[in-house]
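Trainee: Starting off with a structure, shown below.
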Amino acid sequence: MKYDHILIRYGEISTKKRNRKIFVDRLKSHIKRALKDFESIQVEADRDRMYVYLNGTPHEEVVKRIHGIFGIQSFSPAFKIEKDAEAMKESILRYGESLKGRFTTFKISARRADKEFSYSTDEINHMLGGHLLRNLEGIKVDVKNPDLNIRVEVRQEAVFVTGEVIPGAGGLPVGSAGRAMLMLSGGIDSPVAGFLSLKRGIELECIHFHSPPFTSERSKQKVVDLTEKLSKVCGSIKLHVVPFTAIQELIQKQIPENYTMTSTRRLMLKVADRIRERNDGLAIITGESLGQVASQTLNSMYAINEVTATPVLRPLITMDKTEIMDIARDIETLDISNRPYEDCCTVFTPSNPKTKPKREKVNFYESFVDFESLIEEAVDNTEILTISAASSAEEDSGLF
Ligand code: ATP
Ligand code: MG
């Protein structure tokens, strides 16, 4: 089937009233960016729908790219046919054949924008529906709840047909919800937390704590690769790589062993908050999930979170590990996360970290240590990388 354009439905954006234009403009710019290497494509938006005019570009690749863009509820490839009864019958039959096996019930929903057209909507419905029934086996009409609703719109210039409705990625356009910093380790959880945040429209910057020589270049590369995967839905993402060795060594030296993990987390959060402030972020995002490890008990979070009043978003907090892993697999970060290279936390993990650390105690221990100059130094020496999605289309999967 040679498609003419793709019709895009907004979903949740449609519920926005006053600021709908901002959402629509964002979505339009994401779609244009995703399709920028197809020169002849044009994108037009109105209040309720968006239209991607293919102008000869094959639709398959375009469909694949639209699939991963947040803010789209569903979309339908549309084709154009001549305004002639015989031509219409012929095209609808070919369309039905192309979807063979994917539907058993159908209906035709005709609309006539061109009132001069010599058939009424009922006549069009009967003519085209009857032609399909006579020529395709194993299908029947269901006007209430058909598998396939073939919409036939007769306009001045031609007749346009859409049928198949492809589910979009949902969510809201990236950037429509403001900017936040994702604390990105090399693990399974934080990239998933990043993905879900992007899905709700958050513009992400990533922060990674790196402790050479205890952690290797390869563990950093892992984080670069994870950021690259995430950037596929938004074009590019800034990655802040924080040199964390000096702070970790000082913690090891000065803080009692069963509190080093709590202190490490507090220091990470403090540094992340400084970087957030410098980059006009409004929140910090982590991959924490309740009860998963010692640092992820409510007692731990209570002790760690004390260092900042900035909102700390934890999109995975109530999810089970298996649910998180399913998403990681879908978004293709799981294999990268499973590479064996060590993380700065695993290297320094104490043998029996406190699962119920006390604020008073950690404050008391930290009161003997001057971390401030090291925090400043870490922030000043943070390396900033801009990671762009490798736009190679062939490695794009469904979701991205
Ligand atoms: P993940 O799978 O994301 O590594 P995790 O289950 O291993 O999470 P922790 O090691 O307790 O959990 O880390 C909790 C959260 O702290 C991570 O999800 C991440 O947001 C942040 N974090 C941990 N280590 C780092 C790091 N080296 N750099 C940046 N953020 C980190
Ligand atoms: Mg981890």
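How things are named: the first chain in the structure tokens is A, the next is B, and so on; residues count from 1 in each chain; ligands count from 1 in the order shown.
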Identify, on the basis of only C-alpha atoms, every residue whose closest approach to region 365-375 of chain A does not exceed 9 Å; exclude the query and any residue fewer than 6 positions from it along the same chain; express the result as a list in words.
Mentor: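 Contacts, with the query itself left out: Phe244, Ala246, Ile247, Leu250, Ile251, Gln254, Ile255, Pro256, Tyr259, Ser263, Leu267, Lys270, Val271 and Arg274 of chain A.
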Trainee: Write as a ChimeraX atom specification the residues around ligand 1, taking 6 Å as the cut-off and counting only C-alpha atoms and all ligand atoms.
Mentor: /A:183-190,207-210,286-288,295,343-345
Trainee: What's around Glu342 (chain A) at 10 Å? Count only C-alpha atoms, leave out sequence neighbours fewer than 5 positions away in its own chain, and write the answer as a list of chain:residue names.
Mentor: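 Contacts, with the query itself left out: A:Gly186, A:Gly187, A:Phe214, A:Thr215, A:Ser216, A:Arg218, A:Ser219, A:Lys220, A:Val347.
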Trainee: Restrict the selected residues to N, CA, C and O atoms and save them as a PDB file, in the first residue's frame.
Mentor:
ATOM      1  N   GLY A 186      25.487   2.473  36.685  1.00  0.00           N
ATOM      2  CA  GLY A 186      25.538   1.547  35.557  1.00  0.00           C
ATOM      3  C   GLY A 186      24.538   0.414  35.743  1.00  0.00           C
ATOM      4  O   GLY A 186      24.540  -0.553  34.983  1.00  0.00           O
ATOM      5  N   GLY A 187      23.684   0.523  36.756  1.00  0.00           N
ATOM      6  CA  GLY A 187      22.782  -0.577  37.105  1.00  0.00           C
ATOM      7  C   GLY A 187      21.549  -0.668  36.223  1.00  0.00           C
ATOM      8  O   GLY A 187      21.406   0.061  35.241  1.00  0.00           O
ATOM      9  N   PHE A 214      39.366   3.044  41.024  1.00  0.00           N
ATOM     10  CA  PHE A 214      38.573   1.914  41.536  1.00  0.00           C
ATOM     11  C   PHE A 214      37.499   1.494  40.535  1.00  0.00           C
ATOM     12  O   PHE A 214      37.069   0.356  40.496  1.00  0.00           O
ATOM     13  N   THR A 215      37.045   2.457  39.771  1.00  0.00           N
ATOM     14  CA  THR A 215      36.119   2.103  38.688  1.00  0.00           C
ATOM     15  C   THR A 215      36.826   2.402  37.372  1.00  0.00           C
ATOM     16  O   THR A 215      37.587   3.368  37.273  1.00  0.00           O
ATOM     17  N   SER A 216      36.559   1.573  36.369  1.00  0.00           N
ATOM     18  CA  SER A 216      37.337   1.651  35.132  1.00  0.00           C
ATOM     19  C   SER A 216      36.682   2.523  34.068  1.00  0.00           C
ATOM     20  O   SER A 216      35.528   2.942  34.205  1.00  0.00           O
ATOM     21  N   ARG A 218      35.767   1.421  31.391  1.00  0.00           N
ATOM     22  CA  ARG A 218      34.670   0.641  30.802  1.00  0.00           C
ATOM     23  C   ARG A 218      33.368   0.819  31.566  1.00  0.00           C
ATOM     24  O   ARG A 218      32.289   0.764  31.001  1.00  0.00           O
ATOM     25  N   SER A 219      33.484   1.074  32.884  1.00  0.00           N
ATOM     26  CA  SER A 219      32.239   1.305  33.628  1.00  0.00           C
ATOM     27  C   SER A 219      31.674   2.680  33.254  1.00  0.00           C
ATOM     28  O   SER A 219      30.463   2.889  33.239  1.00  0.00           O
ATOM     29  N   LYS A 220      32.568   3.604  32.903  1.00  0.00           N
ATOM     30  CA  LYS A 220      32.084   4.911  32.440  1.00  0.00           C
ATOM     31  C   LYS A 220      31.443   4.773  31.054  1.00  0.00           C
ATOM     32  O   LYS A 220      30.384   5.359  30.790  1.00  0.00           O
ATOM     33  N   VAL A 347      32.238  -1.113  44.766  1.00  0.00           N
ATOM     34  CA  VAL A 347      33.628  -1.199  45.201  1.00  0.00           C
ATOM     35  C   VAL A 347      33.745  -0.900  46.698  1.00  0.00           C
ATOM     36  O   VAL A 347      34.486  -1.548  47.424  1.00  0.00           O
TER      37      VAL A 347
END
Trainee: Give the alpha helix (DSSP H) residues of region 53-170 of chain A, as assigned by DSSP on the backbone, as number ranges by chain.
Mentor: A: 59-67, 85-98, 121-135
Trainee: Could you pull the residues within 10 Å of Lys229 (chain A), counting only C-alpha atoms, minus those fewer than 6 positions along the same chain, as a PyMOL selection string?
Mentor: chain A and resi 191+195+223+236-237+331-333+336+387-390+396+400
Trainee: When DSSP works through the backbone of this structure, what residues of region 5-208 of chain A end up as strand (DSSP E or B), shown as a PyMOL selection string?
Mentor: chain A and resi 5-9+42-45+49-53+72-81+105-112+140-141+148-154+159-162+166-170+179-183+203-208
Trainee: Would you mind reading off the distance between CA of Phe75 (chain A) and CA of Tyr10 (chain A), one decimal, in Å?
Mentor: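 So the two atoms, CA of Phe75 (chain A) and CA of Tyr10 (chain A), lie 8.8 Å apart.
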Trainee: So which residues touch Asp280 (chain A) within 12 Å, counting only C-alpha atoms, skipping near sequence neighbours fewer than 5 positions away, as an MDAnalysis selection string?
Mentor: chainID A and resid 178:181 203:205 273:275 310
Trainee: Got time to write the residues from that selection, N, CA and C atoms, as a tab-separated table (two decimals), in the first residue's frame?
Mentor:
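The resulting out_36.tsv:
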chain	number	residue	atom	x	y	z
A	178	GLY	N	9.54	20.39	32.28
A	178	GLY	CA	10.68	20.98	32.99
A	178	GLY	C	11.86	20.03	33.07
A	179	ARG	N	12.96	20.55	33.65
A	179	ARG	CA	14.22	19.79	33.63
A	179	ARG	C	14.55	19.16	34.98
A	180	ALA	N	15.07	17.93	34.96
A	180	ALA	CA	15.50	17.29	36.20
A	180	ALA	C	16.78	16.50	35.94
A	181	MET	N	17.50	16.22	37.03
A	181	MET	CA	18.77	15.51	36.93
A	181	MET	C	18.58	14.05	37.34
A	203	GLU	N	12.61	16.84	30.86
A	203	GLU	CA	13.86	16.96	30.11
A	203	GLU	C	14.98	16.50	31.05
A	204	LEU	N	15.75	15.50	30.63
A	204	LEU	CA	16.75	14.90	31.53
A	204	LEU	C	18.15	15.42	31.30
A	205	GLU	N	18.89	15.55	32.41
A	205	GLU	CA	20.35	15.57	32.34
A	205	GLU	C	20.78	14.45	33.27
A	273	ASP	N	22.82	17.87	43.82
A	273	ASP	CA	22.00	19.05	44.01
A	273	ASP	C	22.72	20.33	43.57
A	274	ARG	N	24.02	20.38	43.81
A	274	ARG	CA	24.80	21.54	43.33
A	274	ARG	C	24.77	21.60	41.80
A	275	ILE	N	24.95	20.44	41.20
A	275	ILE	CA	24.98	20.41	39.73
A	275	ILE	C	23.59	20.78	39.18
A	310	THR	N	15.32	19.77	47.76
A	310	THR	CA	14.91	19.61	46.36
A	310	THR	C	14.07	18.33	46.22
Trainee: Rounded to one decimal in Å, what is the spacing between CA of Leu282 (chain A) and CA of His240 (chain A)?
Mentor: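 These two atoms are separated by 16.2 Å.
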Trainee: Could you state the separation of CA of Ile66 (chain A) and CA of Ala169 (chain A) in Å, given to one decimal place?
Mentor: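 Separation of CA of Ile66 (chain A) and CA of Ala169 (chain A): 8.6 Å.
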Trainee: Please provide the set of residues having any atom within 10 Å of region 12-18 of chain A, restricted to only C-alpha atoms, with same-chain residues fewer than 2 positions apart removed, written as an mmCIF file with all heavy atoms, in the first residue's frame.
Mentor:
data_model
loop_
_atom_site.group_PDB
_atom_site.id
_atom_site.type_symbol
_atom_site.label_atom_id
_atom_site.label_comp_id
_atom_site.auth_asym_id
_atom_site.auth_seq_id
_atom_site.Cartn_x
_atom_site.Cartn_y
_atom_site.Cartn_z
ATOM 1 N N ARG A 9 -2.693 11.077 16.512
ATOM 2 C CA ARG A 9 -3.642 11.524 17.558
ATOM 3 C C ARG A 9 -2.878 11.784 18.848
ATOM 4 O O ARG A 9 -2.016 11.000 19.232
ATOM 5 C CB ARG A 9 -4.710 10.450 17.791
ATOM 6 C CG ARG A 9 -5.474 10.102 16.544
ATOM 7 C CD ARG A 9 -6.448 8.953 16.754
ATOM 8 N NE ARG A 9 -6.938 8.495 15.457
ATOM 9 C CZ ARG A 9 -6.298 7.598 14.709
ATOM 10 N NH1 ARG A 9 -5.190 7.037 15.137
ATOM 11 N NH2 ARG A 9 -6.772 7.268 13.521
ATOM 12 N N TYR A 10 -3.242 12.874 19.515
ATOM 13 C CA TYR A 10 -2.440 13.328 20.654
ATOM 14 C C TYR A 10 -2.644 12.583 21.958
ATOM 15 O O TYR A 10 -1.771 12.534 22.785
ATOM 16 C CB TYR A 10 -2.739 14.798 20.962
ATOM 17 C CG TYR A 10 -2.413 15.739 19.852
ATOM 18 C CD1 TYR A 10 -3.144 16.916 19.697
ATOM 19 C CD2 TYR A 10 -1.371 15.480 18.975
ATOM 20 C CE1 TYR A 10 -2.842 17.810 18.682
ATOM 21 C CE2 TYR A 10 -1.073 16.363 17.952
ATOM 22 C CZ TYR A 10 -1.823 17.531 17.817
ATOM 23 O OH TYR A 10 -1.536 18.400 16.830
ATOM 24 N N ARG A 20 -2.212 24.071 25.660
ATOM 25 C CA ARG A 20 -2.120 22.994 24.686
ATOM 26 C C ARG A 20 -1.112 23.290 23.565
ATOM 27 O O ARG A 20 -0.359 22.425 23.135
ATOM 28 C CB ARG A 20 -3.485 22.740 24.062
ATOM 29 C CG ARG A 20 -3.418 21.648 23.007
ATOM 30 C CD ARG A 20 -4.662 21.578 22.181
ATOM 31 N NE ARG A 20 -5.829 21.277 22.970
ATOM 32 C CZ ARG A 20 -6.830 20.519 22.562
ATOM 33 N NH1 ARG A 20 -6.787 19.978 21.364
ATOM 34 N NH2 ARG A 20 -7.897 20.321 23.299
ATOM 35 N N LYS A 21 -1.067 24.571 23.151
ATOM 36 C CA LYS A 21 -0.183 24.923 22.042
ATOM 37 C C LYS A 21 1.277 24.597 22.364
ATOM 38 O O LYS A 21 2.023 24.135 21.499
ATOM 39 C CB LYS A 21 -0.351 26.417 21.722
ATOM 40 C CG LYS A 21 0.368 26.803 20.450
ATOM 41 C CD LYS A 21 0.029 28.208 20.004
ATOM 42 C CE LYS A 21 0.860 28.716 18.865
ATOM 43 N NZ LYS A 21 2.049 27.998 18.483
ATOM 44 N N ILE A 22 1.662 24.814 23.611
ATOM 45 C CA ILE A 22 3.045 24.532 24.014
ATOM 46 C C ILE A 22 3.349 23.038 23.838
ATOM 47 O O ILE A 22 4.382 22.650 23.308
ATOM 48 C CB ILE A 22 3.280 24.938 25.490
ATOM 49 C CG1 ILE A 22 3.001 26.431 25.651
ATOM 50 C CG2 ILE A 22 4.675 24.570 25.958
ATOM 51 C CD1 ILE A 22 2.971 26.912 27.093
ATOM 52 N N PHE A 23 2.405 22.194 24.272
ATOM 53 C CA PHE A 23 2.584 20.746 24.141
ATOM 54 C C PHE A 23 2.642 20.345 22.668
ATOM 55 O O PHE A 23 3.497 19.558 22.257
ATOM 56 C CB PHE A 23 1.423 20.010 24.827
ATOM 57 C CG PHE A 23 1.506 20.016 26.318
ATOM 58 C CD1 PHE A 23 0.965 21.048 27.064
ATOM 59 C CD2 PHE A 23 2.133 18.975 26.995
ATOM 60 C CE1 PHE A 23 1.048 21.058 28.454
ATOM 61 C CE2 PHE A 23 2.218 18.970 28.376
ATOM 62 C CZ PHE A 23 1.672 20.019 29.113
ATOM 63 N N VAL A 24 1.718 20.907 21.896
ATOM 64 C CA VAL A 24 1.646 20.538 20.477
ATOM 65 C C VAL A 24 2.933 20.967 19.756
ATOM 66 O O VAL A 24 3.512 20.208 18.977
ATOM 67 C CB VAL A 24 0.400 21.157 19.808
ATOM 68 C CG1 VAL A 24 0.436 20.971 18.303
ATOM 69 C CG2 VAL A 24 -0.872 20.539 20.386
ATOM 70 N N LEU A 27 5.709 18.593 20.630
ATOM 71 C CA LEU A 27 5.551 17.313 19.943
ATOM 72 C C LEU A 27 5.962 17.452 18.483
ATOM 73 O O LEU A 27 6.675 16.606 17.934
ATOM 74 C CB LEU A 27 4.093 16.832 20.051
ATOM 75 C CG LEU A 27 3.794 15.520 19.352
ATOM 76 C CD1 LEU A 27 4.649 14.386 19.901
ATOM 77 C CD2 LEU A 27 2.312 15.162 19.492
ATOM 78 N N ARG A 47 -5.141 21.726 16.167
ATOM 79 C CA ARG A 47 -5.477 21.558 17.587
ATOM 80 C C ARG A 47 -5.588 20.096 18.025
ATOM 81 O O ARG A 47 -5.186 19.728 19.117
ATOM 82 C CB ARG A 47 -6.809 22.249 17.869
ATOM 83 C CG ARG A 47 -6.675 23.654 18.376
ATOM 84 C CD ARG A 47 -8.066 24.213 18.666
ATOM 85 N NE ARG A 47 -8.720 23.513 19.786
ATOM 86 C CZ ARG A 47 -8.460 23.733 21.063
ATOM 87 N NH1 ARG A 47 -7.555 24.616 21.393
ATOM 88 N NH2 ARG A 47 -9.097 23.081 21.998
ATOM 89 N N ASP A 48 -6.156 19.277 17.153
ATOM 90 C CA ASP A 48 -6.484 17.919 17.571
ATOM 91 C C ASP A 48 -5.651 16.825 16.933
ATOM 92 O O ASP A 48 -5.629 15.703 17.407
ATOM 93 C CB ASP A 48 -7.952 17.623 17.241
ATOM 94 C CG ASP A 48 -8.850 18.665 17.849
ATOM 95 O OD1 ASP A 48 -8.816 18.801 19.072
ATOM 96 O OD2 ASP A 48 -9.553 19.362 17.089
ATOM 97 N N ARG A 49 -5.005 17.149 15.858
ATOM 98 C CA ARG A 49 -4.312 16.122 15.079
ATOM 99 C C ARG A 49 -3.015 16.679 14.525
ATOM 100 O O ARG A 49 -2.854 17.879 14.396
ATOM 101 C CB ARG A 49 -5.173 15.724 13.845
ATOM 102 C CG ARG A 49 -6.497 15.116 14.176
ATOM 103 C CD ARG A 49 -6.311 13.672 14.552
ATOM 104 N NE ARG A 49 -7.445 13.179 15.325
ATOM 105 C CZ ARG A 49 -8.488 12.548 14.808
ATOM 106 N NH1 ARG A 49 -8.555 12.365 13.507
ATOM 107 N NH2 ARG A 49 -9.439 12.094 15.573
ATOM 108 N N GLY A 71 3.956 11.437 23.772
ATOM 109 C CA GLY A 71 2.940 12.458 23.510
ATOM 110 C C GLY A 71 1.972 12.029 22.417
ATOM 111 O O GLY A 71 1.044 12.745 22.083
ATOM 112 N N ILE A 72 2.209 10.821 21.861
ATOM 113 C CA ILE A 72 1.336 10.326 20.795
ATOM 114 C C ILE A 72 0.509 9.162 21.330
ATOM 115 O O ILE A 72 1.058 8.192 21.847
ATOM 116 C CB ILE A 72 2.165 9.846 19.583
ATOM 117 C CG1 ILE A 72 2.938 11.023 18.988
ATOM 118 C CG2 ILE A 72 1.270 9.180 18.540
ATOM 119 C CD1 ILE A 72 3.844 10.641 17.834
ATOM 120 N N GLN A 73 -0.807 9.279 21.213
ATOM 121 C CA GLN A 73 -1.653 8.188 21.687
ATOM 122 C C GLN A 73 -1.715 7.073 20.647
ATOM 123 O O GLN A 73 -1.545 5.905 20.955
ATOM 124 C CB GLN A 73 -3.052 8.721 21.968
ATOM 125 C CG GLN A 73 -3.956 7.653 22.517
ATOM 126 C CD GLN A 73 -5.411 8.037 22.406
ATOM 127 O OE1 GLN A 73 -5.815 8.832 21.561
ATOM 128 N NE2 GLN A 73 -6.216 7.490 23.266
ATOM 129 N N GLY A 170 2.491 6.958 24.058
ATOM 130 C CA GLY A 170 1.787 7.577 25.187
ATOM 131 C C GLY A 170 2.622 8.664 25.840
ATOM 132 O O GLY A 170 3.587 9.168 25.256
ATOM 133 N N GLY A 171 2.277 9.020 27.057
ATOM 134 C CA GLY A 171 3.047 10.022 27.792
ATOM 135 C C GLY A 171 2.868 11.440 27.270
ATOM 136 O O GLY A 171 1.877 11.754 26.600
ATOM 137 N N LEU A 172 3.836 12.279 27.593
ATOM 138 C CA LEU A 172 3.794 13.685 27.190
ATOM 139 C C LEU A 172 5.101 14.031 26.478
ATOM 140 O O LEU A 172 6.133 13.409 26.745
ATOM 141 C CB LEU A 172 3.641 14.575 28.432
ATOM 142 C CG LEU A 172 2.311 14.444 29.171
ATOM 143 C CD1 LEU A 172 2.373 15.114 30.533
ATOM 144 C CD2 LEU A 172 1.183 15.040 28.327
ATOM 145 N N PRO A 173 5.079 15.043 25.596
ATOM 146 C CA PRO A 173 6.307 15.358 24.859
ATOM 147 C C PRO A 173 7.457 15.732 25.803
ATOM 148 O O PRO A 173 7.267 16.507 26.747
ATOM 149 C CB PRO A 173 5.905 16.569 24.003
ATOM 150 C CG PRO A 173 4.429 16.563 23.965
ATOM 151 C CD PRO A 173 3.951 15.915 25.221
#
Trainee: From the set A:Glu383, A:Val293, A:Met325, A:Gly163, which residue has the shortest atom-to-atom contact distance to ligand 2, counting only C-alpha atoms and all ligand atoms?
Mentor: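 Of all the options, A:Val293 lies closest to ligand 2.
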Trainee: Quick one: residues within 10 Å of Asn125 (chain A), only C-alpha atoms, excluding same-chain residues fewer than 5 positions away - as a PDB file with C-alpha atoms, in the first residue's frame?
Mentor:
ATOM      1  CA  LYS A 107     -16.963  -1.372   9.032  1.00  0.00           C
ATOM      2  CA  ILE A 108     -16.653   1.471   6.583  1.00  0.00           C
ATOM      3  CA  SER A 109     -17.137   4.977   8.008  1.00  0.00           C
ATOM      4  CA  ALA A 110     -17.532   7.424   5.181  1.00  0.00           C
ATOM      5  CA  ARG A 111     -17.472  11.215   5.559  1.00  0.00           C
ATOM      6  CA  TYR A 119     -22.787   9.222  -3.522  1.00  0.00           C
ATOM      7  CA  SER A 120     -24.135   9.784  -0.017  1.00  0.00           C
ATOM      8  CA  GLY A 130     -20.304  -4.878  -0.037  1.00  0.00           C
ATOM      9  CA  HIS A 131     -17.307  -4.994  -2.368  1.00  0.00           C
ATOM     10  CA  ILE A 150     -11.961   1.943   7.590  1.00  0.00           C
ATOM     11  CA  ARG A 151     -12.509   5.685   7.500  1.00  0.00           C
ATOM     12  CA  VAL A 152     -13.137   7.060   4.051  1.00  0.00           C
TER      13      VAL A 152
END
Trainee: Just checking: using only C-alpha atoms and all ligand atoms, which residue out of A:Arg65, A:Lys358, A:Arg200, A:Arg265 ends up closest to ligand 2?
Mentor: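 Closest to ligand 2, using only C-alpha atoms and all ligand atoms: A:Arg265.
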Trainee: Which is closest to Tyr95 (chain A) among A:Lys354, A:Lys2, A:Arg112, A:Lys253, if we use only C-alpha atoms?
Mentor: A:Lys2
